>>> print(open('query21.cif').read())   # mmCIF, C-alpha atoms
data_data
loop_
_atom_site.group_PDB
_atom_site.id
_atom_site.type_symbol
_atom_site.label_atom_id
_atom_site.label_comp_id
_atom_site.auth_asym_id
_atom_site.auth_seq_id
_atom_site.Cartn_x
_atom_site.Cartn_y
_atom_site.Cartn_z
ATOM 1 C CA MET A 1 0.000 0.000 0.000
ATOM 2 C CA THR A 2 1.519 3.236 -1.085
ATOM 3 C CA ALA A 3 -0.390 6.388 -0.322
ATOM 4 C CA LYS A 4 0.989 9.419 -2.114
ATOM 5 C CA ILE A 5 0.503 11.713 0.867
ATOM 6 C CA ALA A 6 3.006 11.692 3.727
ATOM 7 C CA TYR A 7 1.675 11.489 7.268
ATOM 8 C CA ALA A 8 4.284 14.023 8.393
ATOM 9 C CA ASP A 9 2.968 16.626 5.923
ATOM 10 C CA ILE A 10 -0.601 16.506 7.205
ATOM 11 C CA GLU A 11 -2.113 18.498 10.029
ATOM 12 C CA VAL A 12 -5.480 18.258 11.711
ATOM 13 C CA GLY A 13 -7.762 20.533 9.710
ATOM 14 C CA THR A 14 -6.109 19.821 6.349
ATOM 15 C CA GLU A 15 -8.841 19.996 3.712
ATOM 16 C CA LEU A 16 -9.027 17.440 0.931
ATOM 17 C CA PRO A 17 -9.930 18.640 -2.575
ATOM 18 C CA ALA A 18 -13.729 18.767 -2.747
ATOM 19 C CA GLN A 19 -15.496 17.074 -5.658
ATOM 20 C CA THR A 20 -18.926 17.103 -7.281
ATOM 21 C CA PHE A 21 -20.356 13.859 -8.649
ATOM 22 C CA PRO A 22 -23.231 13.797 -11.140
ATOM 23 C CA VAL A 23 -25.957 11.157 -10.921
ATOM 24 C CA THR A 24 -28.694 10.575 -13.470
ATOM 25 C CA ARG A 25 -31.275 7.836 -13.964
ATOM 26 C CA ALA A 26 -28.810 6.170 -16.346
ATOM 27 C CA THR A 27 -26.159 6.200 -13.604
ATOM 28 C CA LEU A 28 -28.553 4.400 -11.274
ATOM 29 C CA VAL A 29 -29.427 1.742 -13.836
ATOM 30 C CA GLN A 30 -25.725 1.154 -14.421
ATOM 31 C CA TYR A 31 -25.026 0.993 -10.673
ATOM 32 C CA ALA A 32 -27.935 -1.401 -10.126
ATOM 33 C CA GLY A 33 -26.441 -3.754 -12.691
ATOM 34 C CA ALA A 34 -22.904 -3.525 -11.348
ATOM 35 C CA SER A 35 -23.883 -3.912 -7.696
ATOM 36 C CA GLY A 36 -26.766 -6.353 -8.050
ATOM 37 C CA ASP A 37 -29.122 -4.053 -6.111
ATOM 38 C CA PHE A 38 -32.266 -3.919 -8.238
ATOM 39 C CA ASN A 39 -34.596 -2.388 -5.665
ATOM 40 C CA PRO A 40 -37.170 -0.543 -7.844
ATOM 41 C CA ILE A 41 -37.012 2.603 -5.672
ATOM 42 C CA HIS A 42 -33.767 3.285 -7.578
ATOM 43 C CA TRP A 43 -35.199 3.129 -11.103
ATOM 44 C CA ASN A 44 -39.004 2.985 -11.075
ATOM 45 C CA GLU A 45 -40.636 6.352 -10.413
ATOM 46 C CA LYS A 46 -44.122 4.895 -10.033
ATOM 47 C CA PHE A 47 -42.933 2.410 -7.440
ATOM 48 C CA ALA A 48 -40.848 5.014 -5.563
ATOM 49 C CA LYS A 49 -43.834 7.338 -5.256
ATOM 50 C CA GLU A 50 -46.123 4.519 -4.164
ATOM 51 C CA VAL A 51 -43.872 3.833 -1.184
ATOM 52 C CA GLY A 52 -43.888 7.497 -0.226
ATOM 53 C CA LEU A 53 -40.671 8.788 -1.763
ATOM 54 C CA PRO A 54 -40.634 12.113 -3.648
ATOM 55 C CA ASP A 55 -39.076 10.440 -6.722
ATOM 56 C CA VAL A 56 -36.477 7.832 -7.639
ATOM 57 C CA ILE A 57 -33.568 7.958 -5.187
ATOM 58 C CA ALA A 58 -29.936 6.969 -5.544
ATOM 59 C CA HIS A 59 -28.680 3.824 -3.831
ATOM 60 C CA GLY A 60 -27.203 4.779 -0.459
ATOM 61 C CA MET A 61 -24.258 2.581 -1.378
ATOM 62 C CA PHE A 62 -23.773 4.604 -4.580
ATOM 63 C CA THR A 63 -23.503 7.803 -2.539
ATOM 64 C CA MET A 64 -21.133 6.034 -0.153
ATOM 65 C CA ALA A 65 -18.994 4.913 -3.112
ATOM 66 C CA GLU A 66 -18.792 8.469 -4.485
ATOM 67 C CA ALA A 67 -17.960 10.081 -1.130
ATOM 68 C CA ILE A 68 -14.899 7.900 -0.513
ATOM 69 C CA ARG A 69 -13.438 9.004 -3.861
ATOM 70 C CA VAL A 70 -12.470 12.285 -2.202
ATOM 71 C CA VAL A 71 -10.242 10.187 0.068
ATOM 72 C CA THR A 72 -8.962 7.656 -2.462
ATOM 73 C CA ASP A 73 -8.163 10.321 -5.077
ATOM 74 C CA TRP A 74 -6.276 12.293 -2.434
ATOM 75 C CA ALA A 75 -4.399 9.321 -0.965
ATOM 76 C CA GLY A 76 -3.598 7.889 -4.410
ATOM 77 C CA ASP A 77 -3.972 4.283 -3.270
ATOM 78 C CA PRO A 78 -7.567 3.145 -2.637
ATOM 79 C CA GLY A 79 -6.056 0.229 -0.711
ATOM 80 C CA ALA A 80 -4.854 2.676 1.941
ATOM 81 C CA VAL A 81 -8.397 2.972 3.333
ATOM 82 C CA VAL A 82 -8.456 1.129 6.674
ATOM 83 C CA GLU A 83 -11.979 1.964 7.824
ATOM 84 C CA TYR A 84 -14.983 3.648 6.265
ATOM 85 C CA GLY A 85 -18.444 4.183 7.684
ATOM 86 C CA VAL A 86 -21.498 6.341 6.988
ATOM 87 C CA ARG A 87 -25.038 6.902 8.156
ATOM 88 C CA PHE A 88 -27.695 7.314 5.464
ATOM 89 C CA THR A 89 -29.565 10.396 6.652
ATOM 90 C CA LYS A 90 -31.397 11.742 3.579
ATOM 91 C CA PRO A 91 -31.935 10.236 0.141
ATOM 92 C CA VAL A 92 -30.379 11.696 -3.012
ATOM 93 C CA VAL A 93 -33.436 12.405 -5.154
ATOM 94 C CA VAL A 94 -32.741 11.897 -8.865
ATOM 95 C CA PRO A 95 -35.217 13.642 -11.185
ATOM 96 C CA ASN A 96 -35.933 12.308 -14.655
ATOM 97 C CA ASP A 97 -34.353 15.140 -16.642
ATOM 98 C CA ASP A 98 -31.074 15.849 -18.415
ATOM 99 C CA GLN A 99 -29.490 17.230 -15.268
ATOM 100 C CA GLY A 100 -30.240 14.518 -12.715
ATOM 101 C CA ALA A 101 -28.717 15.318 -9.331
ATOM 102 C CA THR A 102 -25.279 16.140 -8.004
ATOM 103 C CA ILE A 103 -23.546 14.947 -4.857
ATOM 104 C CA GLU A 104 -21.064 17.413 -3.387
ATOM 105 C CA VAL A 105 -18.403 15.942 -1.158
ATOM 106 C CA SER A 106 -15.756 17.621 0.948
ATOM 107 C CA GLY A 107 -13.433 16.170 3.542
ATOM 108 C CA LYS A 108 -11.020 17.267 6.180
ATOM 109 C CA VAL A 109 -8.513 15.608 8.429
ATOM 110 C CA ALA A 110 -10.149 15.416 11.855
ATOM 111 C CA ALA A 111 -7.468 13.520 13.756
ATOM 112 C CA LYS A 112 -3.993 12.064 13.410
ATOM 113 C CA LEU A 113 -4.001 8.510 14.726
ATOM 114 C CA ASP A 114 -1.368 5.847 15.379
ATOM 115 C CA ASP A 115 0.454 3.854 12.751
ATOM 116 C CA ASN A 116 0.546 6.682 10.144
ATOM 117 C CA THR A 117 -3.237 6.788 9.907
ATOM 118 C CA VAL A 118 -5.512 9.817 9.881
ATOM 119 C CA ARG A 119 -9.254 10.124 10.293
ATOM 120 C CA VAL A 120 -10.993 12.071 7.546
ATOM 121 C CA ASP A 121 -14.481 13.406 8.179
ATOM 122 C CA LEU A 122 -16.561 13.700 5.007
ATOM 123 C CA THR A 123 -19.510 15.934 4.252
ATOM 124 C CA ALA A 124 -21.869 14.930 1.425
ATOM 125 C CA THR A 125 -24.762 17.089 0.298
ATOM 126 C CA SER A 126 -27.281 17.016 -2.539
ATOM 127 C CA ALA A 127 -29.721 19.827 -3.350
ATOM 128 C CA GLY A 128 -28.451 21.638 -0.263
ATOM 129 C CA GLN A 129 -29.263 18.777 2.098
ATOM 130 C CA LYS A 130 -26.807 16.653 4.011
ATOM 131 C CA VAL A 131 -27.227 13.110 2.672
ATOM 132 C CA LEU A 132 -24.648 11.269 4.791
ATOM 133 C CA GLY A 133 -24.072 11.551 8.521
ATOM 134 C CA MET A 134 -21.113 10.364 10.621
ATOM 135 C CA SER A 135 -19.220 9.868 7.384
ATOM 136 C CA ARG A 136 -15.689 8.976 8.400
ATOM 137 C CA ALA A 137 -12.734 7.194 6.908
ATOM 138 C CA VAL A 138 -9.429 6.130 8.391
ATOM 139 C CA VAL A 139 -6.651 6.085 5.819
ATOM 140 C CA ARG A 140 -3.007 5.025 6.127
ATOM 141 C CA LEU A 141 -0.591 7.587 4.744
ATOM 142 C CA ALA A 142 3.007 7.152 3.665
ATOM 143 C CA MET B 1 -44.112 -6.693 16.338
ATOM 144 C CA ALA B 2 -40.692 -6.563 17.996
ATOM 145 C CA LEU B 3 -38.183 -9.098 16.761
ATOM 146 C CA ASP B 4 -37.091 -11.975 18.971
ATOM 147 C CA GLN B 5 -34.087 -10.902 21.087
ATOM 148 C CA SER B 6 -32.894 -14.493 21.285
ATOM 149 C CA PHE B 7 -31.519 -14.080 17.734
ATOM 150 C CA VAL B 8 -28.815 -11.688 19.000
ATOM 151 C CA GLY B 9 -25.439 -13.388 18.655
ATOM 152 C CA ARG B 10 -26.681 -15.916 16.123
ATOM 153 C CA SER B 11 -24.213 -16.704 13.328
ATOM 154 C CA TYR B 12 -25.136 -18.186 9.984
ATOM 155 C CA PRO B 13 -22.997 -20.741 8.127
ATOM 156 C CA PRO B 14 -20.251 -19.243 5.919
ATOM 157 C CA THR B 15 -21.364 -18.606 2.345
ATOM 158 C CA ASP B 16 -19.960 -20.496 -0.621
ATOM 159 C CA PRO B 17 -16.902 -18.660 -1.988
ATOM 160 C CA TYR B 18 -17.536 -15.637 -4.220
ATOM 161 C CA GLU B 19 -14.825 -15.345 -6.863
ATOM 162 C CA VAL B 20 -13.905 -11.720 -7.517
ATOM 163 C CA GLY B 21 -13.456 -11.175 -11.245
ATOM 164 C CA ARG B 22 -11.359 -8.485 -12.856
ATOM 165 C CA GLU B 23 -14.165 -7.519 -15.206
ATOM 166 C CA LYS B 24 -16.638 -7.315 -12.325
ATOM 167 C CA ILE B 25 -14.334 -4.835 -10.589
ATOM 168 C CA ARG B 26 -14.016 -2.850 -13.826
ATOM 169 C CA GLU B 27 -17.798 -2.814 -14.238
ATOM 170 C CA PHE B 28 -18.263 -1.543 -10.672
ATOM 171 C CA ALA B 29 -15.572 1.150 -11.027
ATOM 172 C CA GLU B 30 -17.205 2.330 -14.262
ATOM 173 C CA ALA B 31 -20.628 2.393 -12.614
ATOM 174 C CA VAL B 32 -19.365 4.753 -9.915
ATOM 175 C CA GLY B 33 -17.407 6.752 -12.504
ATOM 176 C CA ASP B 34 -14.073 6.093 -10.820
ATOM 177 C CA ALA B 35 -11.137 6.104 -13.236
ATOM 178 C CA ASN B 36 -8.475 5.134 -10.662
ATOM 179 C CA PRO B 37 -6.094 2.853 -12.639
ATOM 180 C CA ALA B 38 -5.613 0.545 -9.621
ATOM 181 C CA TYR B 39 -9.087 -0.860 -10.422
ATOM 182 C CA VAL B 40 -8.355 -1.825 -14.021
ATOM 183 C CA ASP B 41 -4.623 -1.896 -14.712
ATOM 184 C CA PRO B 42 -2.615 -4.655 -12.984
ATOM 185 C CA GLU B 43 0.619 -2.704 -13.505
ATOM 186 C CA ALA B 44 -0.819 0.378 -11.800
ATOM 187 C CA ALA B 45 -2.034 -1.805 -8.924
ATOM 188 C CA LYS B 46 1.402 -3.456 -8.637
ATOM 189 C CA ALA B 47 3.074 -0.039 -8.532
ATOM 190 C CA LEU B 48 1.043 0.574 -5.360
ATOM 191 C CA GLY B 49 2.157 -2.745 -3.871
ATOM 192 C CA HIS B 50 -0.892 -4.875 -4.714
ATOM 193 C CA PRO B 51 -0.533 -8.275 -6.407
ATOM 194 C CA ASP B 52 -3.421 -7.597 -8.803
ATOM 195 C CA VAL B 53 -6.130 -5.021 -9.494
ATOM 196 C CA ILE B 54 -8.034 -4.050 -6.366
ATOM 197 C CA ALA B 55 -11.718 -3.273 -5.898
ATOM 198 C CA PRO B 56 -13.121 0.093 -4.774
ATOM 199 C CA PRO B 57 -13.727 0.187 -0.997
ATOM 200 C CA THR B 58 -17.501 -0.311 -1.156
ATOM 201 C CA PHE B 59 -17.431 -3.093 -3.801
ATOM 202 C CA VAL B 60 -17.527 -5.808 -1.145
ATOM 203 C CA PHE B 61 -21.011 -4.725 -0.041
ATOM 204 C CA ALA B 62 -22.529 -6.633 -2.953
ATOM 205 C CA ILE B 63 -21.032 -9.797 -1.446
ATOM 206 C CA THR B 64 -21.770 -9.100 2.221
ATOM 207 C CA PHE B 65 -25.307 -7.963 1.497
ATOM 208 C CA ARG B 66 -26.016 -11.108 -0.440
ATOM 209 C CA ALA B 67 -24.787 -13.029 2.605
ATOM 210 C CA ALA B 68 -26.940 -10.922 4.904
ATOM 211 C CA ARG B 69 -29.981 -12.106 2.959
ATOM 212 C CA GLN B 70 -29.644 -15.330 4.960
ATOM 213 C CA VAL B 71 -30.558 -13.275 8.006
ATOM 214 C CA ILE B 72 -33.137 -11.080 6.308
ATOM 215 C CA ASP B 73 -34.891 -14.061 4.749
ATOM 216 C CA ASP B 74 -34.725 -16.253 7.865
ATOM 217 C CA PRO B 75 -38.418 -17.111 8.313
ATOM 218 C CA GLN B 76 -37.867 -17.675 12.041
ATOM 219 C CA LEU B 77 -36.613 -14.106 12.475
ATOM 220 C CA GLY B 78 -39.595 -12.739 10.563
ATOM 221 C CA LEU B 79 -38.206 -9.407 9.350
ATOM 222 C CA ASP B 80 -40.545 -7.606 6.917
ATOM 223 C CA TYR B 81 -38.050 -6.807 4.163
ATOM 224 C CA SER B 82 -40.501 -4.672 2.213
ATOM 225 C CA ARG B 83 -40.231 -2.137 5.051
ATOM 226 C CA VAL B 84 -36.451 -2.229 5.379
ATOM 227 C CA VAL B 85 -34.172 0.732 4.753
ATOM 228 C CA HIS B 86 -30.395 0.850 5.029
ATOM 229 C CA GLY B 87 -29.460 2.887 8.108
ATOM 230 C CA ASP B 88 -25.692 2.726 8.526
ATOM 231 C CA GLN B 89 -22.832 0.974 6.805
ATOM 232 C CA LYS B 90 -19.280 0.532 7.986
ATOM 233 C CA PHE B 91 -16.250 -1.405 6.777
ATOM 234 C CA ALA B 92 -12.945 -2.262 8.471
ATOM 235 C CA TYR B 93 -10.341 -3.552 6.046
ATOM 236 C CA SER B 94 -7.340 -5.784 6.689
ATOM 237 C CA ARG B 95 -6.524 -5.407 2.997
ATOM 238 C CA PRO B 96 -8.391 -4.388 -0.142
ATOM 239 C CA VAL B 97 -10.449 -6.957 -2.051
ATOM 240 C CA ARG B 98 -8.624 -7.924 -5.239
ATOM 241 C CA ALA B 99 -9.152 -9.848 -8.460
ATOM 242 C CA GLY B 100 -8.917 -13.582 -7.953
ATOM 243 C CA ASP B 101 -10.058 -13.495 -4.341
ATOM 244 C CA ARG B 102 -12.421 -16.285 -3.335
ATOM 245 C CA LEU B 103 -14.329 -14.758 -0.459
ATOM 246 C CA THR B 104 -16.630 -16.313 2.096
ATOM 247 C CA VAL B 105 -18.852 -14.329 4.427
ATOM 248 C CA THR B 106 -19.970 -15.298 7.904
ATOM 249 C CA SER B 107 -22.942 -13.213 9.045
ATOM 250 C CA THR B 108 -23.801 -12.651 12.693
ATOM 251 C CA ILE B 109 -26.708 -10.763 14.223
ATOM 252 C CA GLU B 110 -24.987 -8.265 16.517
ATOM 253 C CA ALA B 111 -27.984 -6.423 17.881
ATOM 254 C CA ILE B 112 -31.755 -6.173 17.653
ATOM 255 C CA LYS B 113 -33.473 -3.064 18.924
ATOM 256 C CA SER B 114 -36.978 -1.769 18.837
ATOM 257 C CA LEU B 115 -37.225 2.007 18.672
ATOM 258 C CA ALA B 116 -40.334 4.091 18.082
ATOM 259 C CA GLY B 117 -42.073 1.128 16.474
ATOM 260 C CA ASN B 118 -39.136 0.367 14.175
ATOM 261 C CA ASP B 119 -37.094 -2.826 14.282
ATOM 262 C CA ILE B 120 -33.373 -2.169 14.018
ATOM 263 C CA LEU B 121 -31.095 -5.014 13.066
ATOM 264 C CA ASP B 122 -27.286 -4.908 13.134
ATOM 265 C CA VAL B 123 -25.604 -7.562 11.015
ATOM 266 C CA ARG B 124 -21.845 -8.115 10.994
ATOM 267 C CA GLY B 125 -20.310 -9.855 7.990
ATOM 268 C CA GLU B 126 -16.794 -11.238 8.387
ATOM 269 C CA VAL B 127 -15.119 -11.706 5.010
ATOM 270 C CA HIS B 128 -12.239 -14.163 4.671
ATOM 271 C CA ASP B 129 -10.185 -15.278 1.698
ATOM 272 C CA GLU B 130 -9.472 -18.824 0.588
ATOM 273 C CA ALA B 131 -6.475 -19.070 2.922
ATOM 274 C CA GLY B 132 -8.720 -18.157 5.847
ATOM 275 C CA GLU B 133 -7.170 -14.686 6.216
ATOM 276 C CA HIS B 134 -9.418 -11.820 7.250
ATOM 277 C CA VAL B 135 -10.059 -9.329 4.425
ATOM 278 C CA VAL B 136 -12.807 -7.021 5.653
ATOM 279 C CA THR B 137 -15.600 -6.787 8.192
ATOM 280 C CA ALA B 138 -18.852 -5.119 7.145
ATOM 281 C CA TRP B 139 -21.403 -3.795 9.638
ATOM 282 C CA THR B 140 -24.851 -3.209 8.159
ATOM 283 C CA LYS B 141 -27.666 -1.544 10.068
ATOM 284 C CA LEU B 142 -31.128 -2.299 8.687
ATOM 285 C CA VAL B 143 -34.205 -0.451 9.870
ATOM 286 C CA ALA B 144 -37.612 -2.042 9.328
ATOM 287 C CA ARG B 145 -40.127 0.775 9.632
ATOM 288 C CA GLY B 146 -43.141 -0.048 11.735
ATOM 289 C CA PRO B 147 -46.549 -0.065 10.044
ATOM 290 C CA GLU B 148 -48.114 3.392 9.704
ATOM 291 C CA GLU B 149 -50.745 4.325 12.259
ATOM 292 C CA ALA B 150 -54.214 3.651 10.935
#
>>> encode(input="query21.cif", output="structure tokens")
Amino acid sequence: MTAKIAYADIEVGTELPAQTFPVTRATLVQYAGASGDFNPIHWNEKFAKEVGLPDVIAHGMFTMAEAIRVVTDWAGDPGAVVEYGVRFTKPVVVPNDDQGATIEVSGKVAAKLDDNTVRVDLTATSAGQKVLGMSRAVVRLA
Amino acid sequence: MALDQSFVGRSYPPTDPYEVGREKIREFAEAVGDANPAYVDPEAAKALGHPDVIAPPTFVFAITFRAARQVIDDPQLGLDYSRVVHGDQKFAYSRPVRAGDRLTVTSTIEAIKSLAGNDILDVRGEVHDEAGEHVVTAWTKLVARGPEEA
């Protein structure tokens, strides 16, 4: 495992480059196929509304997969991630138009831990709402 | 109706091995729009110290969730899956999942709670490779919403 960021160069409060990830209905169909999660709330508007959702929503695991990219892109080696956890607080609603939705993710180093690891706290929002809570990753730096 | 507390601590038999394919990893990385070469190019993965291409951190959920279906579908437990939403998810990795891995999952019910009419189920999935080495542990919190008030 070879992270491209040195532990010694990082301080608590260091901000990771923020990123914005687009998500459309096509993205969700592709993710359903790749992940094997075919729950119709992620692709069938009629079904989603019948169960009380405002519209089709993104898979929580899709949002989780996008959020960690802020860490893996920064660290260079995705294998440097030691721990990663999130709480699914609000759904990412994906309208059926050309725009879809966007997920905005930022992260900052919250603590320096033992063994060259740091804890990164992530913030993920969509349409101005926080969609993940307690979103934290521990990553081993060089 | 609250779920039976006696299921806390119950483990299910390990799943049959899931063989992680290179193309499956590529498909997943493409689906999340992640162009990191460590997911598709063995040389790039080797340059980072991995023996083969690795999977994105959340890839393993497809395997652990399939294993957790043993718990969800256990007729004795009686969880109403049509009312289930995913509450929390956490992973702790000993190493990344990589192409060629043959992974088995052992699922254990860690906790059952009843809160405001909802059933909350914590399932831990321990993922091991063919040599019996630990790869990753996945904690999945499922919330079965109680029926709406009439």
>>> resolve_selection(input="query21.cif", expression="the PyMOL selection byres ((chain A) within 7 of (chain B))", output="PyMOL selection string")
chain A and resi 1-2+27+30-31+34-36+62+65-66+77-79+82-88
>>> atom_distance(input="query21.cif", atom1="atom CA of B:Asp4", atom2="atom CA of B:Gln70")
16.2 Å
>>> resolve_selection(input="query21.cif", expression="the PyMOL selection byres ((chain A and resi 134-138) around 9)", output="number ranges by chain")
A: 64, 67-68, 71, 80-88, 107, 113, 117-124, 132-133, 139-140
>>> residues_around(input="query21.cif", residues="B:Val71", least_positions_apart="5", cutoff="12 Å", atoms="only C-alpha atoms", output="MDAnalysis selection string")
chainID B and resid 7:13 64:66 76:81 106:110 121:125 140 142
>>> resolve_selection(input="query21.cif", expression="the PyMOL selection byres ((chain A and resi 19) around 6)", output="PyMOL selection string")
chain A and resi 18+20+105
>>> atom_distance(input="query21.cif", atom1="atom CA of A:Trp43", atom2="atom CA of A:Pro95")
10.5 Å
>>> residues_around(input="query21.cif", residues="A:Asn39", least_positions_apart="5", cutoff="10 Å", atoms="all atoms listed in the file", output="PyMOL selection string")
chain A and resi 32+44+47-48+59
>>> residues_around(input="query21.cif", residues="B:Ser114", least_positions_apart="2", cutoff="10 Å", atoms="all atoms listed in the file", output="JSON, numbers by chain")
{"B": [1, 2, 3, 5, 112, 116, 117, 118, 119, 120, 121, 143, 144, 146]}
>>> closest_residue(input="query21.cif", among="B:Glu43, B:Asp73, B:Asp16, B:Glu23", to="B:Gly100", atoms="all atoms listed in the file")
B:Glu23
>>> axis_aligned_box(input="query21.cif", around="stretch 105-121 of chain A", padding_each_side="8 Å", output="AutoDock Vina command-line options")
--center_x -8.9 --center_y 10.7 --center_z 7.1 --size_x 34.9 --size_y 29.8 --size_z 32.5
